[in-house]
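A short worksheet on the structure shown next.
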Amino acid sequence: MFETARFEARQQLPGAVALAIGISVFAGMMIAIAPGILAEVDLEALTAQLPPQMVAAFSLSVIGTIEGFIALELYEFVWLLGLGIYVAYQGAGDIADDIEAGRMDMVLSAPVSRGQVVLEKFLALWTPMLVVNAVVFAVVFAGTRLIDDPIAVTDLLAVHALSIPYLLCCGALGVFASVAAPRRVVAEGAAVGILVGTFLIEAVTIGTDAEWLASVAPMQYYDPVAILTASEYDLWGAGILLAGTAVLLLASRQWFERRDI
C-alpha cells in the first residue's frame, strides 16, 4: 500500500530541498540585516506616514522588533503566499498531469481505487511541507541566536507547527483543482489564482464593512505575526483549516470517482 505516495514523495524531494535552501538563504539574509535596520531606521516614524489601512493589513506596527521583522519579511509573505502557492501548485499538477499524459489509465489498472489515488497524491505533499519547515526552523533558530536577538523557541515552534494545517488546506485546494479542471495548466492556474485572490481580499477588506469576505481566505486562520509577536496560538483557526482540508479531499474523491478520464 501507499506505493503511489512513496513514489510521488521521492519525486518531490529534490524540489522540496531546493525550495528549503532558497527560503533559508532568504531567511539568513533577513536575519543578518535585521540588527542594522532595527537600530538605524525609525520604523515607527516610517509606518506613521503610511495609510492606516495598509499598516493594519500588513501588521506593519510590529516591524520594530526582531520577531515582527522576521514575521513580516519571512512568514507573512514568503510563507503564507510563496510556500502556500508552491504546495497548491504541486497538488494541482499531479492528477491533472497524469490524466493529460495518459498515465492515469495505467495507474488505475493496478488494484487501487480512485479514492486511494487522490489520498496518496495528497499525502505526497507532506514532503515539501516537512522538509521546508524543518530546514527553515533550524536556520531561524540558529540565526537569531547568532545575532544575539533570539526568538522564543516555543513561538518559533508554534509558527511552524501551525503552518501545517494551512499548508494542508492549500494542498487540498490544489488536489481539488487537479481533479476538477480539464487540463493541468488550468488546474495550476486556478489553484494559484484562488490563493492570490483570497490573500488580496483579506488585505483590502481588513477594517472595512466587507471584512467578512476574508472568511473564505485560508490565511485568515493562520497568523504568523500574532504568533511571533504576541504568542497568540489560534488553535480554533487550525481546526477550521483541517476541516476545510477534509471537505476539499472528500469533494476531490467524489469528483474523481465520477470523472471520465
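Ordered as shown in the C-alpha cells, chains take letters A, B, and onward, while each chain numbers its residues from 1 and ligands are numbered from 1 in the order shown.
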Set the distance at 10 Å and use only C-alpha atoms: which residues neighbour stretch 147-150 of chain A once local chain neighbours fewer than 4 positions away are removed? I'd like the list as a PyMOL selection string. chain A and resi 31-35+65-67+140-143+156
Pick from A:Gly197, A:Pro218, A:Gly93, A:Pro128, whichever lies nearest to A:Ile21 using only C-alpha atoms: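 Among the listed residues, the smallest separation from A:Ile21 belongs to A:Pro128.
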Nearby residues (only C-alpha atoms) at most 8 Å from A:Lys121, same-chain spacing under 4 positions excluded, as a PDB file with all heavy atoms, in the first residue's frame:
ATOM      1  N   THR A   4       2.066   4.649  -4.467  1.00  0.00           N
ATOM      2  CA  THR A   4       1.945   5.907  -5.199  1.00  0.00           C
ATOM      3  C   THR A   4       2.442   7.074  -4.359  1.00  0.00           C
ATOM      4  O   THR A   4       3.167   7.947  -4.847  1.00  0.00           O
ATOM      5  CB  THR A   4       0.478   6.154  -5.622  1.00  0.00           C
ATOM      6  OG1 THR A   4       0.040   5.089  -6.469  1.00  0.00           O
ATOM      7  CG2 THR A   4       0.339   7.473  -6.355  1.00  0.00           C
ATOM      8  N   ALA A   5       2.076   7.082  -3.077  1.00  0.00           N
ATOM      9  CA  ALA A   5       2.505   8.159  -2.190  1.00  0.00           C
ATOM     10  C   ALA A   5       4.025   8.175  -2.045  1.00  0.00           C
ATOM     11  O   ALA A   5       4.656   9.246  -2.086  1.00  0.00           O
ATOM     12  CB  ALA A   5       1.850   8.009  -0.816  1.00  0.00           C
ATOM     13  N   GLU A   8       5.559   9.421  -5.404  1.00  0.00           N
ATOM     14  CA  GLU A   8       5.367  10.862  -5.582  1.00  0.00           C
ATOM     15  C   GLU A   8       6.220  11.653  -4.595  1.00  0.00           C
ATOM     16  O   GLU A   8       6.751  12.719  -4.931  1.00  0.00           O
ATOM     17  CB  GLU A   8       3.887  11.224  -5.415  1.00  0.00           C
ATOM     18  CG  GLU A   8       2.969  10.664  -6.478  1.00  0.00           C
ATOM     19  CD  GLU A   8       3.186  11.315  -7.840  1.00  0.00           C
ATOM     20  OE1 GLU A   8       3.757  12.418  -7.876  1.00  0.00           O
ATOM     21  OE2 GLU A   8       2.774  10.724  -8.852  1.00  0.00           O
ATOM     22  N   GLY A  91       0.043  20.195  -5.798  1.00  0.00           N
ATOM     23  CA  GLY A  91      -1.173  19.388  -5.712  1.00  0.00           C
ATOM     24  C   GLY A  91      -2.017  19.476  -6.965  1.00  0.00           C
ATOM     25  O   GLY A  91      -2.617  18.491  -7.403  1.00  0.00           O
ATOM     26  N   ASP A  94      -0.503  17.175 -10.091  1.00  0.00           N
ATOM     27  CA  ASP A  94      -0.321  15.717 -10.050  1.00  0.00           C
ATOM     28  C   ASP A  94      -1.352  14.932 -10.848  1.00  0.00           C
ATOM     29  O   ASP A  94      -1.036  14.291 -11.850  1.00  0.00           O
ATOM     30  CB  ASP A  94      -0.316  15.239  -8.591  1.00  0.00           C
ATOM     31  CG  ASP A  94       1.013  15.532  -7.905  1.00  0.00           C
ATOM     32  OD1 ASP A  94       1.987  15.810  -8.620  1.00  0.00           O
ATOM     33  OD2 ASP A  94       1.052  15.491  -6.672  1.00  0.00           O
ATOM     34  N   ILE A  95      -2.597  14.960 -10.415  1.00  0.00           N
ATOM     35  CA  ILE A  95      -3.623  14.137 -11.051  1.00  0.00           C
ATOM     36  C   ILE A  95      -3.931  14.634 -12.455  1.00  0.00           C
ATOM     37  O   ILE A  95      -4.048  13.847 -13.405  1.00  0.00           O
ATOM     38  CB  ILE A  95      -4.898  14.110 -10.186  1.00  0.00           C
ATOM     39  CG1 ILE A  95      -4.609  13.384  -8.860  1.00  0.00           C
ATOM     40  CG2 ILE A  95      -6.048  13.430 -10.934  1.00  0.00           C
ATOM     41  CD1 ILE A  95      -5.764  13.381  -7.887  1.00  0.00           C
ATOM     42  N   VAL A 117      -6.057   6.857  -4.886  1.00  0.00           N
ATOM     43  CA  VAL A 117      -5.125   7.655  -5.693  1.00  0.00           C
ATOM     44  C   VAL A 117      -5.142   9.105  -5.227  1.00  0.00           C
ATOM     45  O   VAL A 117      -4.093   9.728  -5.045  1.00  0.00           O
ATOM     46  CB  VAL A 117      -5.488   7.562  -7.189  1.00  0.00           C
ATOM     47  CG1 VAL A 117      -4.690   8.591  -7.994  1.00  0.00           C
ATOM     48  CG2 VAL A 117      -5.217   6.163  -7.711  1.00  0.00           C
ATOM     49  N   LEU A 125       2.314  15.385  -0.616  1.00  0.00           N
ATOM     50  CA  LEU A 125       2.580  16.806  -0.399  1.00  0.00           C
ATOM     51  C   LEU A 125       3.190  17.082   0.979  1.00  0.00           C
ATOM     52  O   LEU A 125       3.670  18.192   1.235  1.00  0.00           O
ATOM     53  CB  LEU A 125       1.283  17.612  -0.560  1.00  0.00           C
ATOM     54  CG  LEU A 125       0.659  17.591  -1.962  1.00  0.00           C
ATOM     55  CD1 LEU A 125      -0.668  18.321  -1.960  1.00  0.00           C
ATOM     56  CD2 LEU A 125       1.605  18.198  -2.978  1.00  0.00           C
ATOM     57  N   VAL A 175      -5.318  19.777  -5.025  1.00  0.00           N
ATOM     58  CA  VAL A 175      -5.816  18.462  -5.440  1.00  0.00           C
ATOM     59  C   VAL A 175      -7.225  18.582  -6.017  1.00  0.00           C
ATOM     60  O   VAL A 175      -7.552  17.954  -7.041  1.00  0.00           O
ATOM     61  CB  VAL A 175      -5.790  17.477  -4.255  1.00  0.00           C
ATOM     62  CG1 VAL A 175      -6.517  16.176  -4.617  1.00  0.00           C
ATOM     63  CG2 VAL A 175      -4.352  17.170  -3.847  1.00  0.00           C
TER      64      VAL A 175
END
Determine, counting only C-alpha atoms, which protein, DNA and RNA residues have an atom within 12 Å of an atom of A:Tyr75; residues of the same chain fewer than 4 positions away are not included. Present the result as an MDAnalysis selection string. chainID A and resid 23:24 26:27 30 58 67:71 79:84 133 136:137 140 156 159:160 162:163 219 222:228
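Comparing the minimum interatomic distances between A:Gly15 and each of A:Ala92, A:Val131, A:Ile99, A:Ile37, counting only C-alpha atoms, we find that A:Val131 sits nearest.
The residue set within 12 Å of A:Leu242, counting only C-alpha atoms and dropping same-chain residues fewer than 4 places from it, reads Leu162, Ser163, Ile164, Pro165, Tyr166, Leu167, Leu168, Cys169, Cys170, Gly171, Ala172, Leu173, Pro218, Tyr221, Tyr222, Leu235, Trp236, Gly237, Ala238, Ala246, Val247, Leu248 and Leu249 of chain A.
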What would the file look like if the residues just selected were written as an mmCIF file, in the first residue's frame with N, CA, C and O atoms?
data_model
loop_
_atom_site.group_PDB
_atom_site.id
_atom_site.type_symbol
_atom_site.label_atom_id
_atom_site.label_comp_id
_atom_site.auth_asym_id
_atom_site.auth_seq_id
_atom_site.Cartn_x
_atom_site.Cartn_y
_atom_site.Cartn_z
ATOM 1 N N LEU A 162 1.831 25.343 13.386
ATOM 2 C CA LEU A 162 0.508 25.800 12.974
ATOM 3 C C LEU A 162 0.441 26.151 11.491
ATOM 4 O O LEU A 162 -0.652 26.378 10.964
ATOM 5 N N SER A 163 1.600 26.184 10.826
ATOM 6 C CA SER A 163 1.567 26.378 9.376
ATOM 7 C C SER A 163 1.159 25.092 8.655
ATOM 8 O O SER A 163 0.717 25.144 7.503
ATOM 9 N N ILE A 164 1.291 23.946 9.316
ATOM 10 C CA ILE A 164 0.957 22.672 8.672
ATOM 11 C C ILE A 164 -0.521 22.603 8.280
ATOM 12 O O ILE A 164 -0.841 22.249 7.128
ATOM 13 N N PRO A 165 -1.478 22.922 9.190
ATOM 14 C CA PRO A 165 -2.884 22.918 8.743
ATOM 15 C C PRO A 165 -3.140 23.865 7.580
ATOM 16 O O PRO A 165 -3.911 23.547 6.670
ATOM 17 N N TYR A 166 -2.484 25.019 7.598
ATOM 18 C CA TYR A 166 -2.641 25.973 6.486
ATOM 19 C C TYR A 166 -2.129 25.377 5.180
ATOM 20 O O TYR A 166 -2.799 25.444 4.144
ATOM 21 N N LEU A 167 -0.946 24.784 5.218
ATOM 22 C CA LEU A 167 -0.372 24.192 4.007
ATOM 23 C C LEU A 167 -1.164 22.983 3.540
ATOM 24 O O LEU A 167 -1.292 22.741 2.336
ATOM 25 N N LEU A 168 -1.693 22.212 4.478
ATOM 26 C CA LEU A 168 -2.548 21.081 4.103
ATOM 27 C C LEU A 168 -3.782 21.566 3.351
ATOM 28 O O LEU A 168 -4.200 20.955 2.359
ATOM 29 N N CYS A 169 -4.354 22.664 3.819
ATOM 30 C CA CYS A 169 -5.535 23.219 3.150
ATOM 31 C C CYS A 169 -5.167 23.700 1.748
ATOM 32 O O CYS A 169 -5.920 23.489 0.790
ATOM 33 N N CYS A 170 -3.989 24.326 1.615
ATOM 34 C CA CYS A 170 -3.527 24.762 0.291
ATOM 35 C C CYS A 170 -3.338 23.557 -0.630
ATOM 36 O O CYS A 170 -3.717 23.587 -1.805
ATOM 37 N N GLY A 171 -2.742 22.484 -0.094
ATOM 38 C CA GLY A 171 -2.540 21.281 -0.882
ATOM 39 C C GLY A 171 -3.850 20.643 -1.302
ATOM 40 O O GLY A 171 -3.998 20.192 -2.446
ATOM 41 N N ALA A 172 -4.814 20.597 -0.380
ATOM 42 C CA ALA A 172 -6.127 20.025 -0.705
ATOM 43 C C ALA A 172 -6.836 20.856 -1.764
ATOM 44 O O ALA A 172 -7.528 20.309 -2.639
ATOM 45 N N LEU A 173 -6.659 22.179 -1.709
ATOM 46 C CA LEU A 173 -7.227 23.040 -2.753
ATOM 47 C C LEU A 173 -6.622 22.694 -4.106
ATOM 48 O O LEU A 173 -7.329 22.616 -5.118
ATOM 49 N N PRO A 218 -7.888 31.107 3.325
ATOM 50 C CA PRO A 218 -7.204 30.209 4.274
ATOM 51 C C PRO A 218 -6.249 30.944 5.195
ATOM 52 O O PRO A 218 -6.105 30.584 6.376
ATOM 53 N N TYR A 221 -6.918 32.199 8.909
ATOM 54 C CA TYR A 221 -6.911 31.327 10.083
ATOM 55 C C TYR A 221 -5.501 30.921 10.522
ATOM 56 O O TYR A 221 -5.341 30.030 11.357
ATOM 57 N N TYR A 222 -4.505 31.572 9.942
ATOM 58 C CA TYR A 222 -3.118 31.336 10.356
ATOM 59 C C TYR A 222 -2.402 32.670 10.345
ATOM 60 O O TYR A 222 -2.209 33.278 9.281
ATOM 61 N N LEU A 235 -5.647 27.985 17.783
ATOM 62 C CA LEU A 235 -5.957 26.570 17.594
ATOM 63 C C LEU A 235 -7.315 26.385 16.914
ATOM 64 O O LEU A 235 -7.515 25.416 16.175
ATOM 65 N N TRP A 236 -8.234 27.285 17.186
ATOM 66 C CA TRP A 236 -9.540 27.231 16.526
ATOM 67 C C TRP A 236 -9.373 27.414 15.019
ATOM 68 O O TRP A 236 -9.982 26.712 14.218
ATOM 69 N N GLY A 237 -8.532 28.361 14.633
ATOM 70 C CA GLY A 237 -8.261 28.556 13.215
ATOM 71 C C GLY A 237 -7.626 27.335 12.585
ATOM 72 O O GLY A 237 -7.949 26.973 11.452
ATOM 73 N N ALA A 238 -6.706 26.685 13.312
ATOM 74 C CA ALA A 238 -6.085 25.458 12.802
ATOM 75 C C ALA A 238 -7.136 24.376 12.587
ATOM 76 O O ALA A 238 -7.085 23.631 11.598
ATOM 77 N N ALA A 246 -10.337 18.473 4.977
ATOM 78 C CA ALA A 246 -11.143 17.256 4.875
ATOM 79 C C ALA A 246 -12.264 17.408 3.862
ATOM 80 O O ALA A 246 -12.529 16.502 3.052
ATOM 81 N N VAL A 247 -12.932 18.560 3.876
ATOM 82 C CA VAL A 247 -14.033 18.803 2.934
ATOM 83 C C VAL A 247 -13.517 18.802 1.498
ATOM 84 O O VAL A 247 -14.115 18.192 0.600
ATOM 85 N N LEU A 248 -12.396 19.467 1.256
ATOM 86 C CA LEU A 248 -11.830 19.524 -0.090
ATOM 87 C C LEU A 248 -11.396 18.141 -0.576
ATOM 88 O O LEU A 248 -11.587 17.793 -1.753
ATOM 89 N N LEU A 249 -10.825 17.338 0.318
ATOM 90 C CA LEU A 249 -10.403 15.995 -0.073
ATOM 91 C C LEU A 249 -11.599 15.102 -0.376
ATOM 92 O O LEU A 249 -11.577 14.319 -1.335
#
Mind the document's chain letters and residue numbers, and return as a PDB file with N, CA and C atoms, in the first residue's frame the residues of stretch 153-210 of chain A that DSSP labels helix (DSSP H, G or I).
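Generated file (states_37.pdb):
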ATOM      1  N   VAL A 153      11.745  30.036  21.501  1.00  0.00           N
ATOM      2  CA  VAL A 153      11.674  28.763  20.788  1.00  0.00           C
ATOM      3  C   VAL A 153      10.244  28.232  20.731  1.00  0.00           C
ATOM      4  N   THR A 154       9.448  28.476  21.770  1.00  0.00           N
ATOM      5  CA  THR A 154       8.056  27.993  21.744  1.00  0.00           C
ATOM      6  C   THR A 154       7.255  28.697  20.654  1.00  0.00           C
ATOM      7  N   ASP A 155       7.489  29.996  20.496  1.00  0.00           N
ATOM      8  CA  ASP A 155       6.781  30.734  19.447  1.00  0.00           C
ATOM      9  C   ASP A 155       7.260  30.299  18.061  1.00  0.00           C
ATOM     10  N   LEU A 156       8.551  30.056  17.936  1.00  0.00           N
ATOM     11  CA  LEU A 156       9.090  29.618  16.652  1.00  0.00           C
ATOM     12  C   LEU A 156       8.567  28.234  16.289  1.00  0.00           C
ATOM     13  N   LEU A 157       8.512  27.345  17.275  1.00  0.00           N
ATOM     14  CA  LEU A 157       7.916  26.027  17.035  1.00  0.00           C
ATOM     15  C   LEU A 157       6.454  26.151  16.638  1.00  0.00           C
ATOM     16  N   ALA A 158       5.737  27.052  17.326  1.00  0.00           N
ATOM     17  CA  ALA A 158       4.307  27.211  17.055  1.00  0.00           C
ATOM     18  C   ALA A 158       4.057  27.756  15.654  1.00  0.00           C
ATOM     19  N   VAL A 159       4.892  28.720  15.207  1.00  0.00           N
ATOM     20  CA  VAL A 159       4.645  29.307  13.891  1.00  0.00           C
ATOM     21  C   VAL A 159       4.856  28.274  12.786  1.00  0.00           C
ATOM     22  N   HIS A 160       5.745  27.312  13.021  1.00  0.00           N
ATOM     23  CA  HIS A 160       5.954  26.252  12.033  1.00  0.00           C
ATOM     24  C   HIS A 160       4.900  25.154  12.158  1.00  0.00           C
ATOM     25  N   ALA A 161       4.594  24.757  13.389  1.00  0.00           N
ATOM     26  CA  ALA A 161       3.610  23.688  13.585  1.00  0.00           C
ATOM     27  C   ALA A 161       2.228  24.105  13.083  1.00  0.00           C
ATOM     28  N   SER A 163       1.600  26.184  10.826  1.00  0.00           N
ATOM     29  CA  SER A 163       1.567  26.378   9.376  1.00  0.00           C
ATOM     30  C   SER A 163       1.159  25.092   8.655  1.00  0.00           C
ATOM     31  N   ILE A 164       1.291  23.946   9.316  1.00  0.00           N
ATOM     32  CA  ILE A 164       0.957  22.672   8.672  1.00  0.00           C
ATOM     33  C   ILE A 164      -0.521  22.603   8.280  1.00  0.00           C
ATOM     34  N   PRO A 165      -1.478  22.922   9.190  1.00  0.00           N
ATOM     35  CA  PRO A 165      -2.884  22.918   8.743  1.00  0.00           C
ATOM     36  C   PRO A 165      -3.140  23.865   7.580  1.00  0.00           C
ATOM     37  N   TYR A 166      -2.484  25.019   7.598  1.00  0.00           N
ATOM     38  CA  TYR A 166      -2.641  25.973   6.486  1.00  0.00           C
ATOM     39  C   TYR A 166      -2.129  25.377   5.180  1.00  0.00           C
ATOM     40  N   LEU A 167      -0.946  24.784   5.218  1.00  0.00           N
ATOM     41  CA  LEU A 167      -0.372  24.192   4.007  1.00  0.00           C
ATOM     42  C   LEU A 167      -1.164  22.983   3.540  1.00  0.00           C
ATOM     43  N   LEU A 168      -1.693  22.212   4.478  1.00  0.00           N
ATOM     44  CA  LEU A 168      -2.548  21.081   4.103  1.00  0.00           C
ATOM     45  C   LEU A 168      -3.782  21.566   3.351  1.00  0.00           C
ATOM     46  N   CYS A 169      -4.354  22.664   3.819  1.00  0.00           N
ATOM     47  CA  CYS A 169      -5.535  23.219   3.150  1.00  0.00           C
ATOM     48  C   CYS A 169      -5.167  23.700   1.748  1.00  0.00           C
ATOM     49  N   CYS A 170      -3.989  24.326   1.615  1.00  0.00           N
ATOM     50  CA  CYS A 170      -3.527  24.762   0.291  1.00  0.00           C
ATOM     51  C   CYS A 170      -3.338  23.557  -0.630  1.00  0.00           C
ATOM     52  N   GLY A 171      -2.742  22.484  -0.094  1.00  0.00           N
ATOM     53  CA  GLY A 171      -2.540  21.281  -0.882  1.00  0.00           C
ATOM     54  C   GLY A 171      -3.850  20.643  -1.302  1.00  0.00           C
ATOM     55  N   ALA A 172      -4.814  20.597  -0.380  1.00  0.00           N
ATOM     56  CA  ALA A 172      -6.127  20.025  -0.705  1.00  0.00           C
ATOM     57  C   ALA A 172      -6.836  20.856  -1.764  1.00  0.00           C
ATOM     58  N   LEU A 173      -6.659  22.179  -1.709  1.00  0.00           N
ATOM     59  CA  LEU A 173      -7.227  23.040  -2.753  1.00  0.00           C
ATOM     60  C   LEU A 173      -6.622  22.694  -4.106  1.00  0.00           C
ATOM     61  N   GLY A 174      -5.313  22.466  -4.127  1.00  0.00           N
ATOM     62  CA  GLY A 174      -4.657  22.084  -5.369  1.00  0.00           C
ATOM     63  C   GLY A 174      -5.152  20.755  -5.902  1.00  0.00           C
ATOM     64  N   VAL A 175      -5.318  19.777  -5.025  1.00  0.00           N
ATOM     65  CA  VAL A 175      -5.816  18.462  -5.440  1.00  0.00           C
ATOM     66  C   VAL A 175      -7.225  18.582  -6.017  1.00  0.00           C
ATOM     67  N   PHE A 176      -8.075  19.384  -5.370  1.00  0.00           N
ATOM     68  CA  PHE A 176      -9.430  19.565  -5.890  1.00  0.00           C
ATOM     69  C   PHE A 176      -9.399  20.190  -7.286  1.00  0.00           C
ATOM     70  N   ALA A 177      -8.547  21.206  -7.460  1.00  0.00           N
ATOM     71  CA  ALA A 177      -8.420  21.807  -8.789  1.00  0.00           C
ATOM     72  C   ALA A 177      -7.912  20.792  -9.796  1.00  0.00           C
ATOM     73  N   SER A 178      -7.050  19.885  -9.344  1.00  0.00           N
ATOM     74  CA  SER A 178      -6.456  18.889 -10.235  1.00  0.00           C
ATOM     75  C   SER A 178      -7.489  17.912 -10.777  1.00  0.00           C
ATOM     76  N   VAL A 179      -8.475  17.544  -9.959  1.00  0.00           N
ATOM     77  CA  VAL A 179      -9.494  16.592 -10.418  1.00  0.00           C
ATOM     78  C   VAL A 179     -10.647  17.291 -11.121  1.00  0.00           C
ATOM     79  N   ALA A 180     -10.815  18.593 -10.869  1.00  0.00           N
ATOM     80  CA  ALA A 180     -11.964  19.301 -11.439  1.00  0.00           C
ATOM     81  C   ALA A 180     -11.651  19.971 -12.768  1.00  0.00           C
ATOM     82  N   ARG A 184      -4.020  20.337 -17.014  1.00  0.00           N
ATOM     83  CA  ARG A 184      -3.096  20.666 -15.925  1.00  0.00           C
ATOM     84  C   ARG A 184      -2.898  22.170 -15.779  1.00  0.00           C
ATOM     85  N   VAL A 185      -2.686  22.874 -16.882  1.00  0.00           N
ATOM     86  CA  VAL A 185      -2.415  24.304 -16.799  1.00  0.00           C
ATOM     87  C   VAL A 185      -3.592  25.059 -16.196  1.00  0.00           C
ATOM     88  N   VAL A 186      -4.800  24.579 -16.459  1.00  0.00           N
ATOM     89  CA  VAL A 186      -5.989  25.210 -15.884  1.00  0.00           C
ATOM     90  C   VAL A 186      -6.045  24.947 -14.380  1.00  0.00           C
ATOM     91  N   ALA A 187      -5.745  23.706 -13.988  1.00  0.00           N
ATOM     92  CA  ALA A 187      -5.756  23.357 -12.569  1.00  0.00           C
ATOM     93  C   ALA A 187      -4.737  24.184 -11.791  1.00  0.00           C
ATOM     94  N   GLU A 188      -3.526  24.275 -12.313  1.00  0.00           N
ATOM     95  CA  GLU A 188      -2.480  25.029 -11.630  1.00  0.00           C
ATOM     96  C   GLU A 188      -2.829  26.511 -11.560  1.00  0.00           C
ATOM     97  N   GLY A 189      -3.341  27.046 -12.653  1.00  0.00           N
ATOM     98  CA  GLY A 189      -3.729  28.455 -12.658  1.00  0.00           C
ATOM     99  C   GLY A 189      -4.861  28.739 -11.694  1.00  0.00           C
ATOM    100  N   ALA A 190      -5.822  27.820 -11.616  1.00  0.00           N
ATOM    101  CA  ALA A 190      -6.950  28.013 -10.707  1.00  0.00           C
ATOM    102  C   ALA A 190      -6.497  27.982  -9.250  1.00  0.00           C
ATOM    103  N   ALA A 191      -5.649  27.016  -8.899  1.00  0.00           N
ATOM    104  CA  ALA A 191      -5.181  26.902  -7.517  1.00  0.00           C
ATOM    105  C   ALA A 191      -4.390  28.137  -7.100  1.00  0.00           C
ATOM    106  N   VAL A 192      -3.473  28.569  -7.953  1.00  0.00           N
ATOM    107  CA  VAL A 192      -2.664  29.751  -7.644  1.00  0.00           C
ATOM    108  C   VAL A 192      -3.542  30.999  -7.609  1.00  0.00           C
ATOM    109  N   GLY A 193      -4.434  31.125  -8.565  1.00  0.00           N
ATOM    110  CA  GLY A 193      -5.296  32.296  -8.627  1.00  0.00           C
ATOM    111  C   GLY A 193      -6.193  32.425  -7.407  1.00  0.00           C
ATOM    112  N   ILE A 194      -6.716  31.302  -6.928  1.00  0.00           N
ATOM    113  CA  ILE A 194      -7.585  31.349  -5.745  1.00  0.00           C
ATOM    114  C   ILE A 194      -6.803  31.802  -4.523  1.00  0.00           C
ATOM    115  N   LEU A 195      -5.595  31.287  -4.352  1.00  0.00           N
ATOM    116  CA  LEU A 195      -4.792  31.694  -3.189  1.00  0.00           C
ATOM    117  C   LEU A 195      -4.409  33.170  -3.260  1.00  0.00           C
ATOM    118  N   VAL A 196      -3.945  33.621  -4.405  1.00  0.00           N
ATOM    119  CA  VAL A 196      -3.579  35.028  -4.550  1.00  0.00           C
ATOM    120  C   VAL A 196      -4.807  35.914  -4.367  1.00  0.00           C
ATOM    121  N   GLY A 197      -5.926  35.504  -4.945  1.00  0.00           N
ATOM    122  CA  GLY A 197      -7.152  36.282  -4.836  1.00  0.00           C
ATOM    123  C   GLY A 197      -7.641  36.411  -3.414  1.00  0.00           C
ATOM    124  N   THR A 198      -7.633  35.295  -2.671  1.00  0.00           N
ATOM    125  CA  THR A 198      -8.094  35.358  -1.279  1.00  0.00           C
ATOM    126  C   THR A 198      -7.124  36.152  -0.404  1.00  0.00           C
ATOM    127  N   PHE A 199      -5.825  36.082  -0.725  1.00  0.00           N
ATOM    128  CA  PHE A 199      -4.839  36.885   0.012  1.00  0.00           C
ATOM    129  C   PHE A 199      -5.123  38.374  -0.180  1.00  0.00           C
ATOM    130  N   LEU A 200      -5.413  38.772  -1.409  1.00  0.00           N
ATOM    131  CA  LEU A 200      -5.717  40.171  -1.686  1.00  0.00           C
ATOM    132  C   LEU A 200      -7.035  40.597  -1.052  1.00  0.00           C
ATOM    133  N   ILE A 201      -8.020  39.703  -1.081  1.00  0.00           N
ATOM    134  CA  ILE A 201      -9.300  40.017  -0.448  1.00  0.00           C
ATOM    135  C   ILE A 201      -9.106  40.292   1.037  1.00  0.00           C
ATOM    136  N   GLU A 202      -8.319  39.444   1.700  1.00  0.00           N
ATOM    137  CA  GLU A 202      -8.066  39.649   3.124  1.00  0.00           C
ATOM    138  C   GLU A 202      -7.361  40.976   3.369  1.00  0.00           C
ATOM    139  N   ALA A 203      -6.401  41.324   2.502  1.00  0.00           N
ATOM    140  CA  ALA A 203      -5.618  42.547   2.691  1.00  0.00           C
ATOM    141  C   ALA A 203      -6.457  43.809   2.495  1.00  0.00           C
ATOM    142  N   VAL A 204      -7.313  43.828   1.476  1.00  0.00           N
ATOM    143  CA  VAL A 204      -8.028  45.064   1.136  1.00  0.00           C
ATOM    144  C   VAL A 204      -9.314  45.250   1.932  1.00  0.00           C
ATOM    145  N   THR A 205      -9.839  44.186   2.539  1.00  0.00           N
ATOM    146  CA  THR A 205     -11.108  44.321   3.265  1.00  0.00           C
ATOM    147  C   THR A 205     -10.924  44.514   4.763  1.00  0.00           C
TER     148      THR A 205
END
My list of candidates is A:Gln11, A:Gln254, A:Phe2, A:Gln220. Which is closest to A:Gln116 when distances are computed with only C-alpha atoms? A:Phe2
Nearest-residue call for A:Ala96, choices A:Leu72, A:Ala217, A:Val118, A:Arg145, using only C-alpha atoms: A:Val118
How many Å lie between atom CA of A:Ala124 and atom CA of A:Arg10, rounded to one decimal? 8.4 Å
Go ahead and compute the interatomic distance for atom CA of A:Ala230 and atom CA of A:Glu211, in Å to one decimal.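 Computing the Euclidean distance for atom CA of A:Ala230 and atom CA of A:Glu211 yields 22.4 Å.
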Check the smallest atom-to-atom distance from each of A:Leu146, A:Ala210, A:Val87, A:Met29 to A:Leu123 using only C-alpha atoms, then report the winner. A:Val87
Among A:Ala88, A:Glu232, A:Arg183, A:Ile151, A:Ala138 is approached most closely, using only C-alpha atoms, by A:Ile151
